[in-house]
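Participant: First the structure, then my questions, so here it is.
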Amino acid sequence: MPNPILTDKSFERARGEDAPGWAAPSAATAVAGTQARPPGATTDGRVMTANGTFAKTGALFLLVLLGGAFGWSRTEISPVNQLSIPGWAIAVMFVAFALAMVCAFVPKSSPFLAPLYALLEGAFLGVISKLFEARWDGIVLQAVLVTIGVFLTTLVLYVTGVVKVTRKFQMVVLSAMIGIFLMYLAGALMSLFGVDIMFWNDPSPFGIVISVVIAVVAALNLFLNFEFIRQASIAESPKYMEWYGAFGLMVALVWLYLEVLRLLSLLRQ
């Protein structure tokens, strides 16, 4: 699903939580009357950095792997329907979604909820991955390598300035994400009435093209995340925003991995 975490509104929400601290001048300013601190700054000297955010992203990635190993080991493959998701995994998915929503709207909870989300989401991904692996041998390793490769490529393109995240770029990507979300929602609602309109799951040329487009949008979403992390770091946001930024980036990577996994399965078919 599209990543709603790292947006301008979430940044403003986090700023609102600590507004008094950000408005207070630094000690140097109070004594010497120098330029005031940036509007996102804290007064205790512990502020968000890009390096700290990526370090915490690595920690969340390890927790996802740990949860994935558990989910993989607890999944039994049915000879009748290899793509049947066990009931406990569906429950884990809903709990992970609930944690994600709380974390998204309460940034201060991210140091506690982001690791829990990573473990639960990892367990669900482990189940999904094993089900796909049972049907298409080697597909999980391919999806993991593609996801890591896309992440590193987008990071290099962003850091070197090859891709610049302008306001127009943001609006185009966000509009595409909203369109994809509405498409998913319509497909889910129609399926409740026995109508299958999920053409993007068909192994047809059109279905594969749509799947490629969705995967590309998921990859472009990473640029928005990088820009958010940079802007929040420049504004000297509170230290806990490192967990918030890492959480949002992990949501984007999970979405990308699932889209790559689905695209590869269509190509295999």
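Labels used: A, B, ... for chains in the order of the structure tokens, numbers from 1 for residues in each chain, and numbers from 1 for ligands as shown.
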Could you give me, as a PyMOL selection string, the residues within 12 Å of Glu133 in chain A, counting only C-alpha atoms and dropping anything in the same chain fewer than 3 positions from it?
Facilitator: chain A and resi 72+75+77+82-83+125-130+136-143+261-262+264-265+268
Participant: Could you give me, as a PyMOL selection string, the residues within 12 Å of range 53-62 of chain A, counting only C-alpha atoms and dropping anything in the same chain fewer than 5 positions from it?
Facilitator: chain A and resi 47-48+67-69+110-122+144+148+155+225-226+228-230+232-233+237-254
Participant: List every residue of range 45-238 of chain A that DSSP, applied to the backbone, labels as helix (DSSP H, G or I), and write the result as JSON, numbers by chain.
Facilitator: {"A": [50, 51, 52, 53, 54, 55, 56, 57, 58, 59, 60, 61, 62, 63, 64, 65, 66, 67, 68, 69, 70, 71, 72, 73, 87, 88, 89, 90, 91, 92, 93, 94, 95, 96, 97, 98, 99, 100, 101, 102, 103, 104, 105, 107, 108, 109, 110, 111, 112, 113, 114, 115, 116, 117, 118, 119, 120, 121, 122, 123, 124, 125, 126, 127, 128, 129, 130, 131, 132, 133, 134, 135, 139, 140, 141, 142, 143, 144, 145, 146, 147, 148, 149, 150, 151, 152, 153, 154, 155, 156, 157, 158, 159, 167, 168, 169, 170, 171, 172, 173, 174, 175, 176, 177, 178, 179, 180, 181, 182, 183, 184, 185, 186, 187, 188, 189, 190, 191, 199, 200, 201, 205, 206, 207, 208, 209, 210, 211, 212, 213, 214, 215, 216, 217, 218, 219, 220, 221, 222, 223, 224, 225, 226, 227, 228, 229, 230, 231, 232, 233, 234]}
Participant: Could you write out the selected residues, including C-alpha atoms, as a compact mmCIF listing (two decimals), in the first residue's frame?
Facilitator:
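The result, stored in out_0.txt:
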# COMPACT_ATOMS: atom_id res chain seq x y z
CA ALA A 50 20.05 11.60 8.81
CA ASN A 51 22.75 9.17 9.94
CA GLY A 52 20.80 8.38 13.10
CA THR A 53 17.66 7.80 11.05
CA PHE A 54 19.37 5.34 8.72
CA ALA A 55 20.96 3.56 11.68
CA LYS A 56 17.51 3.05 13.16
CA THR A 57 16.23 1.96 9.76
CA GLY A 58 18.89 -0.76 9.84
CA ALA A 59 17.70 -1.80 13.30
CA LEU A 60 14.11 -2.05 12.09
CA PHE A 61 15.28 -4.04 9.07
CA LEU A 62 16.92 -6.58 11.39
CA LEU A 63 13.71 -6.85 13.40
CA VAL A 64 11.77 -7.43 10.18
CA LEU A 65 14.17 -10.26 9.32
CA LEU A 66 13.77 -11.72 12.81
CA GLY A 67 9.99 -11.60 12.55
CA GLY A 68 10.18 -12.97 9.02
CA ALA A 69 12.19 -15.98 10.18
CA PHE A 70 9.53 -16.71 12.80
CA GLY A 71 6.66 -16.35 10.31
CA TRP A 72 8.47 -18.52 7.77
CA SER A 73 9.12 -21.29 10.31
CA GLY A 87 -5.64 -17.16 10.29
CA TRP A 88 -3.03 -16.13 12.85
CA ALA A 89 -1.08 -14.30 10.14
CA ILE A 90 -4.16 -12.26 9.21
CA ALA A 91 -4.56 -11.30 12.88
CA VAL A 92 -0.89 -10.26 13.02
CA MET A 93 -1.39 -8.16 9.89
CA PHE A 94 -4.29 -6.23 11.45
CA VAL A 95 -2.38 -5.64 14.69
CA ALA A 96 0.62 -4.39 12.71
CA PHE A 97 -1.69 -2.08 10.75
CA ALA A 98 -3.18 -0.72 13.99
CA LEU A 99 0.30 -0.04 15.39
CA ALA A 100 1.26 1.69 12.15
CA MET A 101 -1.76 4.00 12.35
CA VAL A 102 -1.03 4.95 15.97
CA CYS A 103 2.64 5.52 15.15
CA ALA A 104 1.73 7.61 12.10
CA PHE A 105 -0.47 9.99 14.06
CA PRO A 107 5.20 10.49 16.32
CA LYS A 108 6.36 10.43 19.94
CA SER A 109 5.26 6.77 20.15
CA SER A 110 7.58 5.72 17.31
CA PRO A 111 10.56 4.69 19.54
CA PHE A 112 8.28 2.10 21.15
CA LEU A 113 5.80 1.16 18.43
CA ALA A 114 8.13 1.13 15.41
CA PRO A 115 10.13 -1.92 16.66
CA LEU A 116 6.89 -3.75 17.50
CA TYR A 117 5.53 -2.94 14.07
CA ALA A 118 8.73 -4.23 12.44
CA LEU A 119 8.50 -7.55 14.30
CA LEU A 120 4.83 -8.12 13.48
CA GLU A 121 5.11 -6.94 9.89
CA GLY A 122 8.15 -9.16 9.49
CA ALA A 123 6.18 -12.16 10.74
CA PHE A 124 3.45 -11.48 8.21
CA LEU A 125 5.99 -11.02 5.42
CA GLY A 126 7.59 -14.31 6.42
CA VAL A 127 4.29 -16.09 5.91
CA ILE A 128 3.63 -14.41 2.56
CA SER A 129 7.18 -15.06 1.40
CA LYS A 130 7.05 -18.77 2.20
CA LEU A 131 3.74 -19.17 0.40
CA PHE A 132 5.16 -17.53 -2.72
CA GLU A 133 8.41 -19.51 -2.44
CA ALA A 134 6.47 -22.78 -2.27
CA ARG A 135 4.92 -22.05 -5.64
CA ILE A 139 11.29 -15.85 -6.01
CA VAL A 140 11.86 -14.53 -2.46
CA LEU A 141 15.61 -14.11 -2.93
CA GLN A 142 14.98 -12.34 -6.22
CA ALA A 143 12.46 -9.98 -4.61
CA VAL A 144 14.80 -9.20 -1.71
CA LEU A 145 17.72 -8.48 -4.02
CA VAL A 146 15.59 -6.26 -6.28
CA THR A 147 14.22 -4.34 -3.29
CA ILE A 148 17.69 -3.75 -1.83
CA GLY A 149 19.02 -2.81 -5.26
CA VAL A 150 16.22 -0.29 -5.84
CA PHE A 151 16.75 1.20 -2.37
CA LEU A 152 20.48 1.67 -2.88
CA THR A 153 19.99 3.04 -6.41
CA THR A 154 17.40 5.59 -5.35
CA LEU A 155 19.55 6.63 -2.38
CA VAL A 156 22.58 7.22 -4.62
CA LEU A 157 20.49 9.15 -7.14
CA TYR A 158 19.12 11.34 -4.38
CA VAL A 159 22.40 11.96 -2.55
CA ARG A 167 7.11 20.27 -5.36
CA LYS A 168 5.90 19.06 -8.76
CA PHE A 169 7.70 15.74 -8.27
CA GLN A 170 6.03 15.32 -4.89
CA MET A 171 2.56 16.09 -6.23
CA VAL A 172 2.90 13.64 -9.13
CA VAL A 173 4.07 10.79 -6.89
CA LEU A 174 1.49 11.49 -4.19
CA SER A 175 -1.29 11.65 -6.80
CA ALA A 176 -0.18 8.31 -8.22
CA MET A 177 -0.11 6.81 -4.71
CA ILE A 178 -3.64 8.03 -4.01
CA GLY A 179 -4.81 6.57 -7.31
CA ILE A 180 -3.24 3.20 -6.49
CA PHE A 181 -4.80 3.22 -3.03
CA LEU A 182 -8.25 3.93 -4.46
CA MET A 183 -7.77 1.18 -7.02
CA TYR A 184 -6.87 -1.31 -4.28
CA LEU A 185 -9.82 -0.16 -2.18
CA ALA A 186 -12.26 -0.53 -5.06
CA GLY A 187 -10.94 -4.02 -5.80
CA ALA A 188 -11.32 -5.08 -2.16
CA LEU A 189 -14.86 -3.69 -1.90
CA MET A 190 -16.01 -5.28 -5.15
CA SER A 191 -14.56 -8.63 -4.08
CA PHE A 199 -6.88 -6.94 -13.26
CA TRP A 200 -3.45 -5.97 -11.91
CA ASN A 201 -3.17 -9.51 -10.51
CA PRO A 205 0.45 -8.16 -20.64
CA PHE A 206 -1.88 -5.45 -19.34
CA GLY A 207 -1.75 -6.80 -15.79
CA ILE A 208 2.04 -6.95 -15.89
CA VAL A 209 2.29 -3.38 -17.22
CA ILE A 210 0.05 -2.10 -14.41
CA SER A 211 2.12 -4.06 -11.89
CA VAL A 212 5.32 -2.50 -13.25
CA VAL A 213 3.81 0.98 -12.95
CA ILE A 214 2.82 0.33 -9.32
CA ALA A 215 6.30 -0.95 -8.50
CA VAL A 216 7.85 2.15 -10.10
CA VAL A 217 5.61 4.42 -8.02
CA ALA A 218 6.62 2.49 -4.91
CA ALA A 219 10.27 3.10 -5.82
CA LEU A 220 9.67 6.81 -6.45
CA ASN A 221 8.09 7.02 -3.03
CA LEU A 222 11.53 6.41 -1.55
CA PHE A 223 12.69 9.79 -2.88
CA LEU A 224 9.90 11.49 -0.92
CA ASN A 225 11.06 9.68 2.21
CA PHE A 226 14.67 10.75 1.70
CA GLU A 227 13.59 14.37 1.26
CA PHE A 228 11.48 14.26 4.42
CA ILE A 229 14.40 12.88 6.43
CA ARG A 230 16.72 15.57 5.07
CA GLN A 231 14.30 18.41 5.77
CA ALA A 232 13.50 17.15 9.28
CA SER A 233 17.21 16.83 10.04
CA ILE A 234 17.96 20.35 8.79
Participant: So how far away is CA of Leu258 in chain A from CA of Glu76 in chain A, in Å?
Facilitator: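 Between CA of Glu76 in chain A and CA of Leu258 in chain A the gap is 20.3 Å.
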Participant: What does the distance between CA of Trp255 in chain A and CA of Thr160 in chain A come to in Å, to one decimal place?
Facilitator: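 According to the coordinates, CA of Trp255 in chain A and CA of Thr160 in chain A are separated by 24.7 Å.
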Participant: Figure out the distance between CA of Pro203 in chain A and CA of Leu266 in chain A, please, to one decimal in Å.
Facilitator: 4.8 Å
